[in-house]
Every structure is written in C-alpha cells, then in structure tokens.
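Data file: upload_4.csv. Format and content: CSV, C-alpha atoms and all ligand atoms.
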```csv
chain,number,residue,atom,x,y,z
H,1,MET,CA,-31.8,12.2,-31.4
H,2,VAL,CA,-30.0,10.8,-28.3
H,3,ARG,CA,-32.1,11.6,-25.2
H,4,VAL,CA,-29.9,12.4,-22.2
H,5,ALA,CA,-30.6,12.4,-18.4
H,6,LEU,CA,-27.8,14.5,-16.8
H,7,LEU,CA,-27.3,13.8,-13.1
H,8,GLY,CA,-25.0,16.3,-11.4
H,9,SER,CA,-25.7,19.0,-14.0
H,10,THR,CA,-24.2,22.0,-12.2
H,11,GLY,CA,-20.8,20.4,-11.4
H,12,SER,CA,-17.7,20.4,-13.4
H,13,ILE,CA,-18.6,17.3,-15.6
H,14,GLY,CA,-22.3,18.4,-15.8
H,15,THR,CA,-21.5,21.9,-17.1
H,16,GLN,CA,-19.0,20.6,-19.6
H,17,ALA,CA,-21.5,18.0,-20.8
H,18,LEU,CA,-24.0,20.7,-21.5
H,19,ASP,CA,-21.4,22.6,-23.4
H,20,VAL,CA,-20.8,19.5,-25.6
H,21,ILE,CA,-24.6,19.0,-26.0
H,22,ALA,CA,-25.2,22.7,-26.9
H,23,ARG,CA,-22.7,22.4,-29.7
H,24,HIS,CA,-24.6,19.4,-31.2
H,25,PRO,CA,-28.2,20.5,-31.1
H,26,GLY,CA,-29.5,18.0,-33.7
H,27,ARG,CA,-27.8,15.1,-32.0
H,28,PHE,CA,-28.6,15.3,-28.3
H,29,GLU,CA,-31.7,16.3,-26.3
H,30,VAL,CA,-31.6,16.9,-22.6
H,31,VAL,CA,-34.7,15.4,-21.0
H,32,ALA,CA,-33.8,15.5,-17.3
H,33,LEU,CA,-31.5,17.4,-15.1
H,34,ALA,CA,-30.6,16.7,-11.4
H,35,ALA,CA,-28.4,19.0,-9.4
H,36,GLY,CA,-27.4,19.8,-5.9
H,37,ALA,CA,-27.9,23.1,-4.1
H,38,ASN,CA,-27.1,25.4,-7.1
H,39,ARG,CA,-30.7,26.1,-7.9
H,40,ASP,CA,-30.1,29.3,-9.9
H,41,LEU,CA,-27.8,27.5,-12.3
H,42,LEU,CA,-30.1,24.6,-12.5
H,43,ALA,CA,-33.1,26.8,-13.5
H,44,GLU,CA,-30.9,28.6,-16.1
H,45,GLN,CA,-29.9,25.2,-17.6
H,46,ALA,CA,-33.5,24.0,-17.6
H,47,ALA,CA,-34.7,27.1,-19.4
H,48,ARG,CA,-31.8,27.0,-21.9
H,49,PHE,CA,-32.3,23.3,-22.8
H,50,GLY,CA,-36.1,23.3,-22.6
H,51,VAL,CA,-36.3,20.8,-19.7
H,52,PRO,CA,-39.7,21.0,-17.9
H,53,ALA,CA,-39.7,22.0,-14.2
H,54,ASP,CA,-40.7,18.6,-12.9
H,55,ARG,CA,-37.6,17.1,-14.6
H,56,ALA,CA,-35.1,19.7,-13.5
H,57,VAL,CA,-34.8,19.1,-9.8
H,58,SER,CA,-32.4,19.8,-7.0
H,59,ALA,CA,-32.4,16.2,-5.7
H,60,LEU,CA,-28.8,14.8,-5.5
H,61,ASP,CA,-29.7,13.7,-2.0
H,62,ASP,CA,-32.8,11.8,-3.1
H,63,PRO,CA,-31.9,8.3,-4.4
H,64,SER,CA,-35.5,7.7,-5.7
H,65,VAL,CA,-35.5,10.8,-7.9
H,66,LEU,CA,-32.1,9.9,-9.3
H,67,ALA,CA,-33.1,6.3,-10.0
H,68,GLY,CA,-36.4,7.4,-11.5
H,69,PHE,CA,-34.6,9.8,-14.0
H,70,ALA,CA,-32.0,7.1,-14.8
H,71,ALA,CA,-34.7,4.4,-15.6
H,72,ALA,CA,-37.2,6.7,-17.4
H,73,SER,CA,-38.5,5.3,-20.7
H,74,ASP,CA,-37.7,8.4,-22.7
H,75,VAL,CA,-34.0,8.3,-21.7
H,76,ASP,CA,-31.3,6.7,-23.9
H,77,VAL,CA,-28.2,7.8,-22.1
H,78,VAL,CA,-27.7,8.5,-18.4
H,79,LEU,CA,-24.7,10.7,-17.6
H,80,ASN,CA,-24.0,10.0,-13.9
H,81,ALA,CA,-21.8,12.8,-12.7
H,82,VAL,CA,-23.0,12.6,-9.1
H,83,VAL,CA,-20.1,13.0,-6.6
H,84,GLY,CA,-19.2,10.0,-4.4
H,85,PHE,CA,-21.1,7.0,-3.2
H,86,ALA,CA,-24.4,8.9,-3.6
H,87,GLY,CA,-24.2,8.0,-7.3
H,88,LEU,CA,-24.8,4.3,-6.7
H,89,PRO,CA,-28.7,4.2,-7.0
H,90,ALA,CA,-28.6,6.0,-10.4
H,91,THR,CA,-25.9,3.6,-11.7
H,92,MET,CA,-27.9,0.6,-10.6
H,93,ALA,CA,-31.2,1.9,-12.0
H,94,ALA,CA,-29.7,2.8,-15.4
H,95,LEU,CA,-28.1,-0.6,-15.9
H,96,ARG,CA,-31.1,-2.5,-14.7
H,97,ALA,CA,-33.2,-0.5,-17.2
H,98,GLY,CA,-30.8,-1.4,-20.0
H,99,LYS,CA,-29.6,2.1,-20.6
H,100,ARG,CA,-26.3,3.3,-21.8
H,101,LEU,CA,-24.6,4.7,-18.7
H,102,ALA,CA,-22.0,7.4,-19.3
H,103,LEU,CA,-20.2,7.0,-16.0
H,104,ALA,CA,-18.3,9.8,-14.4
H,105,ASN,CA,-19.2,8.6,-10.9
H,106,LYS,CA,-16.4,6.1,-10.4
H,107,GLU,CA,-17.3,5.6,-6.7
H,108,SER,CA,-20.5,3.7,-7.5
H,109,LEU,CA,-18.6,1.2,-9.6
H,110,ILE,CA,-15.7,0.9,-7.1
H,111,ALA,CA,-17.9,0.4,-4.0
H,112,GLY,CA,-20.5,-1.7,-5.7
H,113,GLY,CA,-18.5,-3.7,-8.2
H,114,PRO,CA,-20.1,-7.1,-7.9
H,115,VAL,CA,-23.7,-5.8,-7.6
H,116,VAL,CA,-23.1,-3.3,-10.5
H,117,ALA,CA,-21.8,-6.1,-12.6
H,118,LYS,CA,-24.9,-8.2,-11.8
H,119,ALA,CA,-27.2,-5.2,-12.7
H,120,ARG,CA,-25.4,-4.8,-16.0
H,121,ALA,CA,-25.7,-8.4,-16.9
H,122,GLU,CA,-29.4,-8.7,-15.9
H,123,GLY,CA,-30.6,-5.4,-17.4
H,124,GLY,CA,-28.4,-5.4,-20.5
H,125,GLY,CA,-27.2,-1.9,-19.8
H,126,GLU,CA,-23.8,-0.7,-21.1
H,127,ILE,CA,-21.2,1.4,-19.3
H,128,VAL,CA,-19.1,3.9,-21.3
H,129,PRO,CA,-16.6,5.5,-19.0
H,130,VAL,CA,-16.2,9.2,-18.8
H,131,ASP,CA,-13.1,9.1,-16.7
H,132,SER,CA,-10.4,10.2,-19.1
H,133,GLU,CA,-8.1,7.3,-18.4
H,134,HIS,CA,-10.8,4.7,-18.9
H,135,SER,CA,-12.1,6.4,-21.9
H,136,ALA,CA,-8.6,6.1,-23.3
H,137,LEU,CA,-8.5,2.4,-22.5
H,138,TYR,CA,-12.0,1.9,-24.0
H,139,GLN,CA,-10.7,3.5,-27.2
H,140,ALA,CA,-7.4,1.6,-27.2
H,141,LEU,CA,-9.1,-1.7,-26.5
H,142,ARG,CA,-10.8,-1.5,-29.9
H,143,SER,CA,-7.4,-2.4,-31.4
H,144,GLY,CA,-7.3,-6.0,-30.3
H,145,ARG,CA,-9.1,-8.9,-28.7
H,146,SER,CA,-9.5,-9.1,-24.9
H,147,SER,CA,-7.5,-12.3,-25.0
H,148,GLU,CA,-4.6,-10.4,-26.5
H,149,VAL,CA,-4.4,-7.8,-23.7
H,150,ALA,CA,-1.1,-8.0,-21.7
H,151,ALA,CA,-1.6,-4.9,-19.5
H,152,LEU,CA,-3.6,-1.8,-19.1
H,153,TRP,CA,-1.6,1.4,-18.3
H,154,ILE,CA,-3.2,4.3,-16.5
H,155,THR,CA,-1.4,7.6,-16.5
H,156,ALA,CA,-1.3,9.9,-13.5
H,157,SER,CA,-0.4,13.6,-13.7
H,158,GLY,CA,1.1,13.2,-10.3
H,159,GLY,CA,-1.1,16.1,-9.0
H,160,PRO,CA,0.2,19.3,-7.4
H,161,PHE,CA,2.6,17.5,-5.1
H,162,ARG,CA,4.5,15.4,-7.6
H,163,GLY,CA,8.2,15.2,-6.6
H,164,ARG,CA,7.6,16.2,-3.0
H,165,THR,CA,8.6,14.1,0.0
H,166,ARG,CA,6.5,13.3,3.1
H,167,ALA,CA,8.4,15.9,5.1
H,168,ASP,CA,7.5,18.6,2.4
H,169,LEU,CA,3.8,17.6,2.7
H,170,GLU,CA,3.4,17.9,6.5
H,171,SER,CA,1.8,21.3,6.4
H,172,VAL,CA,0.2,21.7,2.9
H,173,THR,CA,-3.0,23.7,2.8
H,174,VAL,CA,-6.4,23.1,1.2
H,175,ALA,CA,-5.5,25.7,-1.4
H,176,ASP,CA,-2.2,24.0,-2.2
H,177,ALA,CA,-4.0,20.7,-2.7
H,178,LEU,CA,-6.8,22.2,-4.9
H,179,ASN,CA,-4.2,23.7,-7.2
H,180,HIS,CA,-4.1,20.9,-9.9
H,181,PRO,CA,-1.4,21.5,-12.6
H,182,THR,CA,-3.3,20.1,-15.6
H,183,TRP,CA,-6.9,19.3,-14.9
H,184,ASN,CA,-9.7,21.7,-13.8
H,185,MET,CA,-12.1,19.5,-11.7
H,186,GLY,CA,-14.4,19.4,-8.7
H,187,ALA,CA,-12.9,19.7,-5.2
H,188,LYS,CA,-13.3,16.0,-4.1
H,189,ILE,CA,-11.5,14.6,-7.2
H,190,THR,CA,-8.8,17.2,-7.0
H,191,ILE,CA,-8.0,16.3,-3.5
H,192,ASP,CA,-8.1,12.6,-4.4
H,193,SER,CA,-5.7,13.5,-7.2
H,194,SER,CA,-3.3,15.1,-4.8
H,195,THR,CA,-3.1,12.0,-2.6
H,196,LEU,CA,-3.1,9.6,-5.7
H,197,ILE,CA,-6.0,7.8,-4.1
H,198,ASN,CA,-7.9,8.9,-7.3
H,199,LYS,CA,-5.4,6.8,-9.3
H,200,GLY,CA,-6.0,3.9,-6.9
H,201,LEU,CA,-9.7,4.3,-7.4
H,202,GLU,CA,-9.1,4.3,-11.1
H,203,VAL,CA,-7.2,1.0,-10.9
H,204,ILE,CA,-10.2,-0.6,-9.2
H,205,GLU,CA,-12.5,1.1,-11.7
H,206,ALA,CA,-10.4,-0.4,-14.6
H,207,HIS,CA,-10.6,-3.8,-13.0
H,208,GLU,CA,-14.4,-3.6,-12.8
H,209,LEU,CA,-14.9,-2.1,-16.2
H,210,PHE,CA,-12.6,-4.3,-18.3
H,211,GLY,CA,-12.2,-7.5,-16.2
H,212,VAL,CA,-8.4,-7.3,-16.1
H,213,ASP,CA,-6.7,-8.6,-13.0
H,214,TYR,CA,-4.8,-6.3,-10.7
H,215,ASP,CA,-1.3,-7.6,-11.7
H,216,ARG,CA,-1.9,-6.4,-15.2
H,217,ILE,CA,-3.2,-2.9,-14.4
H,218,LYS,CA,-0.3,-0.5,-14.1
H,219,VAL,CA,0.2,3.2,-13.2
H,220,VAL,CA,2.8,5.5,-14.6
H,221,VAL,CA,3.3,9.2,-13.8
H,222,HIS,CA,3.1,11.4,-16.9
H,223,PRO,CA,2.9,15.0,-15.8
H,224,GLN,CA,1.8,16.5,-19.2
H,225,SER,CA,-1.5,14.6,-19.1
H,226,VAL,CA,-1.5,14.1,-22.9
H,227,ILE,CA,-1.4,10.3,-22.9
H,228,HIS,CA,-4.5,9.2,-20.9
H,229,GLY,CA,-4.3,5.5,-21.0
H,230,MET,CA,-2.5,2.7,-22.9
H,231,VAL,CA,-3.2,-0.9,-23.7
H,232,GLU,CA,-0.2,-3.2,-24.1
H,233,PHE,CA,-0.9,-6.2,-26.2
H,234,VAL,CA,0.7,-9.7,-26.1
H,235,ASP,CA,2.9,-8.9,-29.1
H,236,GLY,CA,4.4,-5.9,-27.3
H,237,ALA,CA,2.4,-3.3,-29.3
H,238,VAL,CA,1.2,-0.5,-27.1
H,239,ILE,CA,-1.9,1.5,-28.3
H,240,ALA,CA,-2.2,4.9,-26.5
H,241,GLN,CA,-4.9,7.6,-26.6
H,242,LEU,CA,-3.5,11.1,-26.7
H,243,SER,CA,-5.3,14.4,-26.5
H,244,MET,CA,-4.9,17.7,-24.6
H,245,PRO,CA,-6.5,17.5,-21.1
H,246,ASP,CA,-10.1,18.5,-21.9
H,247,MET,CA,-12.9,16.4,-20.4
H,248,ARG,CA,-15.3,17.3,-23.2
H,249,LEU,CA,-13.6,14.7,-25.4
H,250,PRO,CA,-14.4,11.7,-23.1
H,251,ILE,CA,-17.8,13.2,-22.3
H,252,GLY,CA,-18.7,13.6,-26.0
H,253,LEU,CA,-17.5,10.1,-26.7
H,254,ALA,CA,-19.5,8.6,-23.9
H,255,LEU,CA,-22.7,10.5,-25.0
H,256,GLY,CA,-22.3,9.6,-28.7
H,257,ALA,CA,-20.6,6.1,-28.4
H,258,PRO,CA,-19.6,4.2,-30.3
H,259,ASP,CA,-19.4,7.2,-32.7
H,260,ARG,CA,-17.1,10.2,-32.3
H,261,LEU,CA,-18.3,13.8,-32.3
H,262,ASP,CA,-16.8,16.0,-35.1
H,263,ASP,CA,-15.6,18.5,-32.5
H,264,PRO,CA,-11.8,18.2,-31.8
H,265,PHE,CA,-11.9,19.3,-28.1
H,266,GLY,CA,-8.5,17.8,-27.2
H,267,ALA,CA,-6.7,18.4,-30.5
H,268,ILE,CA,-2.9,18.5,-30.1
H,269,ASP,CA,-0.7,21.1,-31.6
H,270,TRP,CA,2.3,19.0,-32.5
H,271,THR,CA,4.5,22.0,-33.2
H,272,THR,CA,4.4,23.1,-29.6
H,273,LEU,CA,4.2,19.8,-27.8
H,274,SER,CA,7.9,19.3,-27.1
H,275,GLN,CA,8.0,16.4,-24.6
H,276,LEU,CA,6.2,13.5,-23.0
H,277,THR,CA,7.8,12.2,-19.8
H,278,PHE,CA,7.2,9.2,-17.6
H,279,SER,CA,8.3,8.0,-14.2
H,280,PRO,CA,7.1,5.4,-11.6
H,281,PRO,CA,4.7,6.6,-8.9
H,282,ASP,CA,6.2,7.3,-5.4
H,283,LEU,CA,4.2,4.8,-3.3
H,284,GLU,CA,5.9,5.9,0.0
H,285,THR,CA,4.7,9.5,-0.2
H,286,PHE,CA,1.4,8.8,-1.9
H,287,ARG,CA,0.1,5.9,0.1
H,288,GLY,CA,-3.4,6.1,-1.3
H,289,LEU,CA,-2.4,4.2,-4.5
H,290,ALA,CA,-1.0,1.2,-2.6
H,291,LEU,CA,-4.0,1.2,-0.2
H,292,ALA,CA,-6.3,1.0,-3.2
H,293,TYR,CA,-4.4,-1.9,-4.9
H,294,ALA,CA,-4.6,-3.8,-1.6
H,295,ALA,CA,-8.3,-3.1,-1.2
H,296,GLY,CA,-9.0,-4.1,-4.8
H,297,ARG,CA,-7.0,-7.4,-4.5
H,298,GLN,CA,-8.9,-8.1,-1.2
H,299,GLY,CA,-12.2,-7.6,-3.0
H,300,GLY,CA,-15.6,-8.0,-1.3
H,301,SER,CA,-16.5,-4.8,0.4
H,302,ALA,CA,-12.9,-3.6,0.8
H,303,PRO,CA,-13.2,-1.1,-2.1
H,304,ALA,CA,-16.4,0.2,-0.6
H,305,VAL,CA,-14.7,0.7,2.7
H,306,LEU,CA,-11.7,2.4,1.1
H,307,SER,CA,-13.9,4.8,-0.9
H,308,GLY,CA,-16.3,5.5,2.0
H,309,ALA,CA,-13.5,6.2,4.5
H,310,ASN,CA,-11.8,8.4,1.9
H,311,GLU,CA,-14.9,10.5,1.4
H,312,ILE,CA,-15.1,11.3,5.1
H,313,ALA,CA,-11.3,12.0,5.3
H,314,VAL,CA,-11.4,14.3,2.3
H,315,GLU,CA,-14.4,16.2,3.7
H,316,ALA,CA,-12.5,16.7,7.0
H,317,PHE,CA,-9.4,17.9,5.1
H,318,LEU,CA,-11.4,20.4,3.0
H,319,ALA,CA,-13.0,21.7,6.2
H,320,GLY,CA,-9.5,22.3,7.7
H,321,ARG,CA,-10.0,19.6,10.3
H,322,LEU,CA,-7.4,17.1,9.1
H,323,PRO,CA,-3.8,17.4,7.8
H,324,TRP,CA,-3.2,16.2,4.2
H,325,LEU,CA,-0.9,13.3,5.2
H,326,ALA,CA,-3.6,12.0,7.6
H,327,ILE,CA,-6.1,11.4,4.8
H,328,ALA,CA,-4.3,8.1,3.9
H,329,GLU,CA,-3.8,7.3,7.5
H,330,ILE,CA,-7.5,7.4,8.2
H,331,VAL,CA,-8.2,5.3,5.2
H,332,ASP,CA,-5.6,2.8,6.3
H,333,GLU,CA,-6.9,2.6,9.8
H,334,VAL,CA,-10.4,2.0,8.6
H,335,LEU,CA,-9.4,-0.7,6.1
H,336,GLN,CA,-7.4,-2.5,8.8
H,337,GLU,CA,-10.6,-2.9,10.8
H,338,GLY,CA,-11.7,-5.3,8.2
H,339,SER,CA,-14.3,-5.8,5.5
H,340,GLY,CA,-16.9,-8.3,4.4
H,341,PRO,CA,-18.8,-9.6,1.4
H,342,ALA,CA,-20.4,-7.3,-1.3
H,343,ASP,CA,-22.8,-9.7,-2.8
H,344,THR,CA,-26.0,-7.6,-2.4
H,345,ILE,CA,-26.8,-3.9,-2.5
H,346,GLU,CA,-27.5,-4.2,1.2
H,347,ASP,CA,-23.9,-5.4,1.8
H,348,VAL,CA,-22.6,-2.5,-0.1
H,349,LEU,CA,-24.7,0.1,1.7
H,350,GLU,CA,-23.8,-1.4,5.1
H,351,ALA,CA,-20.1,-1.5,4.2
H,352,ASP,CA,-20.2,2.2,3.2
H,353,ARG,CA,-22.1,3.1,6.4
H,354,VAL,CA,-19.7,1.2,8.7
H,355,ALA,CA,-16.7,2.7,6.8
H,356,ARG,CA,-18.0,6.3,7.4
H,357,ASP,CA,-18.7,5.6,11.0
H,358,ARG,CA,-15.2,4.2,11.6
H,359,ALA,CA,-13.7,7.1,9.7
H,360,ARG,CA,-15.6,9.6,11.9
H,361,SER,CA,-14.4,7.7,15.0
H,362,ALA,CA,-10.8,7.8,13.8
H,363,LEU,CA,-11.1,11.5,13.2
H,364,ALA,CA,-12.5,12.0,16.7
H,365,ARG,CA,-9.6,10.0,18.2
H,366,ARG,CA,-7.1,12.2,16.4
H,367,ALA,CA,-8.9,15.3,17.7
H,368,ALA,CA,-9.0,14.1,21.3
W,401,MG,MG,-9.3,10.2,-14.2
```
For the file at hand, write its structure as structure tokens.
Amino acid sequence: MVRVALLGSTGSIGTQALDVIARHPGRFEVVALAAGANRDLLAEQAARFGVPADRAVSALDDPSVLAGFAAASDVDVVLNAVVGFAGLPATMAALRAGKRLALANKESLIAGGPVVAKARAEGGGEIVPVDSEHSALYQALRSGRSSEVAALWITASGGPFRGRTRADLESVTVADALNHPTWNMGAKITIDSSTLINKGLEVIEAHELFGVDYDRIKVVVHPQSVIHGMVEFVDGAVIAQLSMPDMRLPIGLALGAPDRLDDPFGAIDWTTLSQLTFSPPDLETFRGLALAYAAGRQGGSAPAVLSGANEIAVEAFLAGRLPWLAIAEIVDEVLQEGSGPADTIEDVLEADRVARDRARSALARRAA
C-alpha cells in the first residue's frame, strides 16, 4: 500500500488525484489531507477516505503544517498540489525526509531550484513530475541515456489566445483568459497558460528536473494537446508521449511510479484523431515565454523574482485591476530591477518577498 499525503486536496489536481486513488483502493491509502478555504469539501474527502480529523486540515497558509505532513514517517508519497510559492516548504520537507515527491507545484522548484536540488541530494528524496509535459519527458527519457539527449521538446496548446496579435489582446477579459481550449485547470495556471508564462515556467522546471541546459529545451505550439513532451536523441530519434489531455494520467504515474496504473485515462481513439499540428510560439505577443528563458539563463534568484512578480500580476488581473497585456509588463519591470543569489532558503524567501513588493509598487504606479 502506498501511503499518500495530499497537499491541496480540494483544487483541480487534488480532486483528480482522489479520483485516481478511489479507483485503486488496494494500492493507495490517503493518510493526510491539506486544503485551503473549502472546508466542506475537505470534510467530505476526509470522511470518504478515512482520514482522521487532525490530519485533514485547512492549512495551506501554514508552512509548518504542510512541512509536517510532507515529512511524516507514515507517508510514502507527497503530492504537492499547493498553488504558487506557498508550496516551497512542503517540497523542501518531503525531499529532506527522503520521500517521493509527486510535484504539481512547479513554482517551488522554479523559485528554489538550487536549494531544492540540495534538499533532494541530501535527503535522498525523488521528484516525479505531475505537470503533463514533464511527465511526458520523464517517460520519454526512459528510452535512452542522459548523455544521448540532444533536446527536450515541451508542447504548448497556445492557450485561448493562440493566433491573436497584441492589438487583439488589448481588451480581453478575465472570462476570455479563463476559457482554455483543451485543459480544465485552476485559475492561476489557466491565466499563466494564456500568457505563455506557464510554458516559460515549464522550461525552467524542465531545466531543474532534468539538468538540461536552456539551449536544448525547446517549445513548440501544438493546439491539440495530444503530444505532451518529446525527447530528441543524438541519433535524430524523437520519442514522444501521446495521450488525450487528462491530468489523471500523469497524476497516476507520479503516485505509482515507476509502475503504470492499469487505468487508461488518456487513451486515444485513433479512428477520430485526424491531425496533429505544430507551429513556433509567437514570442512578440506572448512575452512571458521569452522573459522566463531570460530569467532561467540568468539563474540565481531571477526565476524566483519572475515567479513571484507573476503571481502578484495574475492576482491583479483576476481581480480586474490590470489589463492582460500588462501582466508581462509588470514581470518585465520587476525583473529589470535585478536579482541576486539563491544559495539558501533565506535568499529564496527574500527574493520572493522583494519581487512581490516591487510588483505591488509597479501596480500602484500604473494605477496612479
Ligand atoms: Mg503543464
């Protein structure tokens, strides 16, 4: 029995994870649940999965509770589905305690790359990505040696605004941006997807997970979201992972890794799948991707600054206080104010705090 701590249980990834777990009752046991403000759903989940009240808590804003659950001795796998930078303490605790970390919280890895790597090395923990693109790369990488990898390809659906120009996007609404064509996800990641900053964050995430340099991590727009990631090997062979867009496949793989679940969540009907298309991303309109590459290459705390500033800008957009095009402008302004080292957890926390302060100041300047 694999004992699972599920952090972020009432969100999109959390509820889908519980669906996967419910279908494999002899294989997984839920031993801890942490959620945000949705206490009714949390109580329902605790009752359904037999989790005692003291281990089913509304505590996403309490780093010590999250870290405690992540490091608990009766936990084998920690699914970190916390939204944003708040996921860092659980990531660190799980890796230090030598757990398998099923990582849906990409922000913790992006902001804290070097310190997360140190925690992984020291504690002996293992990261299995839940992000669909990285799950695809994780699967495709099994086909060759790391020295044989020529490039990692990450696919992007292009989001709801694919094909639009900057002029088209001047007055888009929150509802327009939340209307993702292929994936049904939480609000923050859906907005990140519309700006392509999500894809940029995924480039940094791939660099941190697989140790491949930025020149060999590439993005291609693929609107059908059937190919999730590809590994190109030195002999020209490309190994891709294909499945219909259903997050339960990568969630199930991360929970059961290295084994696969006998539950074909993303099975393709080849009689109806008529075409798979590809095009380069439009970096002029979707500046978030280029900003993320630049921050990744700069290293140190620049990815933390990028991610922290983006969280504030996305919050402001969702609250109707910022136009869509200005999300990338805020992130750019904050990045241009500089970054520093990210050698310790204190460096990372400080970089995140400063980035948020600067983003709030940039918002205030725009409003003035
Ligand atoms: Mg993804």
query: Could you name the residues that touch Val30 (chain H) at 8 Å or less, counting all atoms listed in the file, but leaving out those on the same chain fewer than 6 positions away, as a PyMOL selection string?
result: chain H and resi 3-6+49-51
task: Write out as number ranges by chain each polymer residue (protein, DNA or RNA) that has an atom no more than 12 Å from ligand MG 401 (chain W), with only C-alpha atoms and all ligand atoms counted.
output: H: 13, 103-107, 129-137, 154-159, 182-186, 189-190, 192-193, 196-206, 219, 225, 227-229, 245-247, 250
statement: A straight line from CA of Phe265 (chain H) to CA of Thr15 (chain H) spans 14.8 Å
field: Selected residue of minimal separation from Gly11 (chain H) among H:Ala187, H:Val172, H:Val77, H:Ala56, counting all atoms listed in the file
entry: H:Ala187
task: Select, counting all atoms listed in the file, all protein, DNA and RNA residues no farther than 12 Å from (-37.5, 7.4, -11.4) in file coordinates, and express the selection as a list of chain:residue names.
output: H:Ala5, H:Ala32, H:Ala34, H:Asp54, H:Arg55, H:Ala59, H:Asp62, H:Pro63, H:Ser64, H:Val65, H:Leu66, H:Ala67, H:Gly68, H:Phe69, H:Ala70, H:Ala71, H:Ala72, H:Ser73, H:Asp74, H:Val75, H:Pro89, H:Ala90, H:Met92, H:Ala93, H:Ala94, H:Ala97
Would you mind exporting the chosen residues as a compact mmCIF listing (two decimals), in the frame of the given file, restricted to C-alpha atoms?
```txt
# COMPACT_ATOMS: atom_id res chain seq x y z
CA ALA H 5 -30.60 12.40 -18.40
CA ALA H 32 -33.80 15.50 -17.30
CA ALA H 34 -30.60 16.70 -11.40
CA ASP H 54 -40.70 18.60 -12.90
CA ARG H 55 -37.60 17.10 -14.60
CA ALA H 59 -32.40 16.20 -5.70
CA ASP H 62 -32.80 11.80 -3.10
CA PRO H 63 -31.90 8.30 -4.40
CA SER H 64 -35.50 7.70 -5.70
CA VAL H 65 -35.50 10.80 -7.90
CA LEU H 66 -32.10 9.90 -9.30
CA ALA H 67 -33.10 6.30 -10.00
CA GLY H 68 -36.40 7.40 -11.50
CA PHE H 69 -34.60 9.80 -14.00
CA ALA H 70 -32.00 7.10 -14.80
CA ALA H 71 -34.70 4.40 -15.60
CA ALA H 72 -37.20 6.70 -17.40
CA SER H 73 -38.50 5.30 -20.70
CA ASP H 74 -37.70 8.40 -22.70
CA VAL H 75 -34.00 8.30 -21.70
CA PRO H 89 -28.70 4.20 -7.00
CA ALA H 90 -28.60 6.00 -10.40
CA MET H 92 -27.90 0.60 -10.60
CA ALA H 93 -31.20 1.90 -12.00
CA ALA H 94 -29.70 2.80 -15.40
CA ALA H 97 -33.20 -0.50 -17.20
```
query: Between CA of Glu170 (chain H) and CA of Leu335 (chain H), what is the spacing in Å?
result: 22.6 Å
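With all atoms listed in the file as the atoms that count, the minimum distance from Leu209 (chain H) to the choices H:Thr277, H:Leu152, H:Glu350, H:Gly87 is reached by H:Leu152.
Counting from CA of Ser147 (chain H), the distance to CA of Lys218 (chain H) is 17.6 Å.
Between Ile251 (chain H) and the candidates H:Ser274, H:Thr10, H:Gln336, H:Asn80, the tightest atom-to-atom separation, counting all atoms listed in the file, involves H:Asn80.
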Could you produce a table of the residues of region 204-306 of chain H lying within 12 Å of region 116-126 of chain H, with the nearest pair of atoms per residue and their separation in Å rounded to one decimal, using all atoms listed in the file, ordered by chain and increasing residue number, as CSV?
```
residue,atom,partner,partner_atom,distance
H:Glu205,CA,H:Val116,CA,11.5
H:His207,CA,H:Ala117,CA,11.4
H:Glu208,CA,H:Ala117,CA,7.8
H:Leu209,CA,H:Ala117,CA,8.8
H:Phe210,CA,H:Ala117,CA,11.0
H:Gly211,CA,H:Ala117,CA,10.3
H:Ala254,CA,H:Glu126,CA,10.6
H:Leu255,CA,H:Glu126,CA,11.9
H:Ala257,CA,H:Glu126,CA,10.5
H:Pro258,CA,H:Glu126,CA,11.2
```
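The nearest approach to Ala43 (chain H) among the residues H:Val57, H:Ala267, H:Ala326, H:Ala355, with all atoms listed in the file taken into account, belongs to H:Val57.
Nearest residue to Val2 (chain H) among H:Gly256, H:Gln45, H:Asp263, H:Gly288 is H:Gly256, counting all atoms listed in the file.
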query: Which residue, H:Asn38, H:Thr195, H:Thr91, H:Ser143, has the smallest gap to Asp282 (chain H) when you use only C-alpha atoms?
result: H:Thr195
message: Given the point (0.4, 8.1, -29.3) in the file's coordinates, find the residues that have an atom at most 9 Å from it, counting only C-alpha atoms, and give them as a PyMOL selection string.
response: chain H and resi 226-227+230+238-243
